Amino acid sequence: MEKEELGLLNSIDYPANLRCLSIDQLPKVCEELRQDIVEELSVNPGHLASSLGVVELTVALHYVYHTPEDRIVWDVGHQAYGHKILTGRREQFSTNRKLGGIRPFPSPQESEYDTFACGHASNSISAALGMAVAAQQQGKDRKVIAVIGDGAMSGGLAFEGLNNVSSSPNDLLIILNDNNMSIDRSVGGMKQYLLGLSTNETYNAIRFKAARWLHGKGMLNEDRRKGIIRLSNAVKSAISHQQNIFEGMNIRYFGPFDGHNVKELVRILRQMKNMSGPKLLHLHTQKGHGYAPAEKDVTTWHAPGKFDPETGERIVDNDPTKPQKYQDVFGYTLLELAEQNPRIVGVTPAMPTGCSMNIMMKAMPERTFDVGIAEGHAVTFSGGMAKDGLIPFCNIYSAFAQRAYDNIIHDVALLGLHVVFCFDRAGLVGEDGPTHHGAFDLAALRPIPNLTIAAPMDEHELRRLMYTAQLPDKGPFVIRYPRGGGVLQDWRCPFEEIKVGTGRRLRDGNSTAILSIGAIGNDVAKAAEGLDVAHYDMRFLKPLDEDILHEVGRKFSHIVTVENGVRNGGMGSAVLEWFNDHGYTTSVTRLGLPDSHFVEHGTVGELQRIVGIDVQSIRQAILQQPSLNA
């Protein structure tokens, strides 16, 4: 379907235009919107299946509610491409995720229709409740809707929000987009509960009519409402032989309904719009709905890359000479180690495919645990297993590990438990932008006692560090590595122990020393070519290699530190502090990510150039050292 054939969609610049259409035109709008998303993402990759699954809901919400005055809080944000297209960004949607283009996730900095940041999961209920209370406090007749989906209901913050919703006066509407998926299949008790949750259709119809009648009679004030809800819960339990967890918290529950019937959704939302008190609308949707290839393989089509929209054939780079991705090296290495060491188990919060723990999961399902979108639980669960003799490899994306900071400190480091944290997507991740950059792990974890913190420069180093981390008496051990491909075609190597706290000199030099940590060291090596500089791969942030630092402090008056993380508080700061504590007056130039602003989205290469850690910028920083020009 060509752009000029999208007749109804072409007439919609903002939701106000959508609301001028008749309800009978909405299915056609949905068809055109779905097709537009498919066409755009076939050439400009992004999150496809999630947005296809909420097309009807997106249209219904903007049709019934007066956005942006009414608030829609999306959770998680990769559901919101249709929302972006309907809210003034259709012409710019081809720039999605590109440098200088529209952001990959909703952001209030981009549009007044984007009510909150939602790159991570499970925050919608808490944020929307805050908005609902703010509207009440300020006497505004504003409707607030939280749309929580793609497995986000398994996150602990969602339950904290539900607990508060049930006890605070509010008129919040929570829409549970239940598609049985996050990126991989959803897991856990909440998934099983939602699969089995059903409501008698006759009861639902009667309750809708009763609620409208009571509201019209002014009988739904707060005290009467709670009493009616308790009576309603008792009647429903008797009819359905089932106790509903949401209604048990005094949140009125409606559903489940078909989330792909846009006209029915409009009817339901209109009926619920002016009901007082907190409400939860449960919708069953299909991730990837309306595009056959995505329906058949939702995990692959979560973010499929480029593809032919007509045939569904993905355009995959199968160049055999390209190095393996770091995540795959992790996955295969973990399985090798687990085959040798029966105490090793794997833990991931809803990312088995993303982090390649699915490799071990397929071979050893009884020793791998997908705990759902619950990073804090993943860490404490790992701590519990370590306390009683297992060695968990807990793999979390670096940015998502921020949500488990207290768990790392309180439940692992404090007790010195032998948990191996593997932080994938460390450093700049590219097009997913500031919510996903793994910028803060080094600086955040460095002050914590008992932790060993390491970053491999290449795939061999990753394998050796993983082997080292599972050896006896190593305690809590952090290994961070970047997104994407490595640098070695032959990535397999024998397992060898690396002495904790030791780096290595990669090249000699006399004018300036460069200290790097992690895979950014490969860019440093290129930048140093042809220059009289020494290059050290520090390997460990904690403990630092003091022999190297003494060597550098005695020999060089100027050094440059390079890291793919925030400059302040990271390795450069650690080196500066060490020199100061040991009486060295060495001048230190620190290269890393800024703390003055969040780095936006673009390719990794573009972003490295902007923040000054690409090959050319590193070389320029070296050439500016006085010792090189003396």
# chains A, B, ... in the order shown; residues from 1 in each chain; ligands from 1
$ residues_around --residues "Pro323 in chain A" --least-positions-apart "4" --cutoff "10 Å" --atoms "only C-alpha atoms" --output "CSV table (one decimal) with N, CA and C atoms, in the first residue's frame"
chain,number,residue,atom,x,y,z
A,319,ASP,N,27.6,-12.6,6.4
A,319,ASP,CA,29.0,-12.6,6.1
A,319,ASP,C,29.8,-13.5,7.1
A,329,VAL,N,29.2,-15.1,22.1
A,329,VAL,CA,30.4,-15.7,22.8
A,329,VAL,C,30.1,-16.0,24.3
A,459,GLU,N,37.1,-11.1,22.6
A,459,GLU,CA,36.3,-12.3,22.9
A,459,GLU,C,37.1,-13.3,23.7
A,484,GLY,N,26.9,-6.0,20.2
A,484,GLY,CA,27.3,-6.2,18.9
A,484,GLY,C,28.6,-7.1,18.7
A,485,GLY,N,29.1,-7.0,17.5
A,485,GLY,CA,30.2,-7.9,17.2
A,485,GLY,C,31.5,-7.6,17.8
A,486,GLY,N,32.4,-8.6,18.0
A,486,GLY,CA,33.7,-8.4,18.5
A,486,GLY,C,34.7,-8.1,17.5
A,487,VAL,N,35.9,-8.6,17.7
A,487,VAL,CA,37.0,-8.3,16.8
A,487,VAL,C,37.8,-9.5,16.3
A,488,LEU,N,37.4,-10.7,16.8
A,488,LEU,CA,38.2,-11.9,16.4
A,488,LEU,C,37.3,-12.8,15.7
A,489,GLN,N,37.8,-13.3,14.5
A,489,GLN,CA,37.1,-14.3,13.8
A,489,GLN,C,37.1,-15.7,14.5
A,490,ASP,N,38.3,-16.0,15.0
A,490,ASP,CA,38.5,-17.2,15.7
A,490,ASP,C,38.4,-16.9,17.2
A,491,TRP,N,37.1,-16.9,17.7
A,491,TRP,CA,36.9,-16.4,19.1
A,491,TRP,C,37.1,-17.5,20.1
$ select_by_dssp --residues "range 381-516 of chain A" --states "strand (DSSP E)" --output "list in words"
Ile391, Pro392, Phe393, Cys394, Asn395, Ile396, Tyr397, Val420, Phe421, Cys422, Phe423, Asp424, Thr452, Ile453, Ala454, Phe477, Val478, Ile479, Arg480, Arg504, Arg505, Leu506, Arg507, Thr512, Ala513, Ile514, Leu515 and Ser516 of chain A
$ closest_residue --among "A:Ala303, A:Phe393, A:Lys322, A:Phe105" --to "Val347 in chain A" --atoms "only C-alpha atoms"
A:Phe393
$ closest_residue --among "A:Leu48, A:Ala128, A:Met249, A:Val43" --to "Val298 in chain A" --atoms "only C-alpha atoms"
A:Leu48
$ closest_residue --among "A:Ile23, A:Gly475, A:Pro434, A:Leu283" --to "Asn450 in chain A" --atoms "only C-alpha atoms"
A:Gly475
$ atom_distance --atom1 "CA of Gly416 in chain A" --atom2 "CA of Gly376 in chain A"
17.2 Å
$ closest_residue --among "A:Met272, A:Val604, A:Ile344, A:Ala374" --to "Leu471 in chain A" --atoms "only C-alpha atoms"
A:Ile344
$ closest_residue --among "A:Thr353, A:Asn177, A:Thr561, A:Thr333" --to "Glu461 in chain A" --atoms "only C-alpha atoms"
A:Thr333
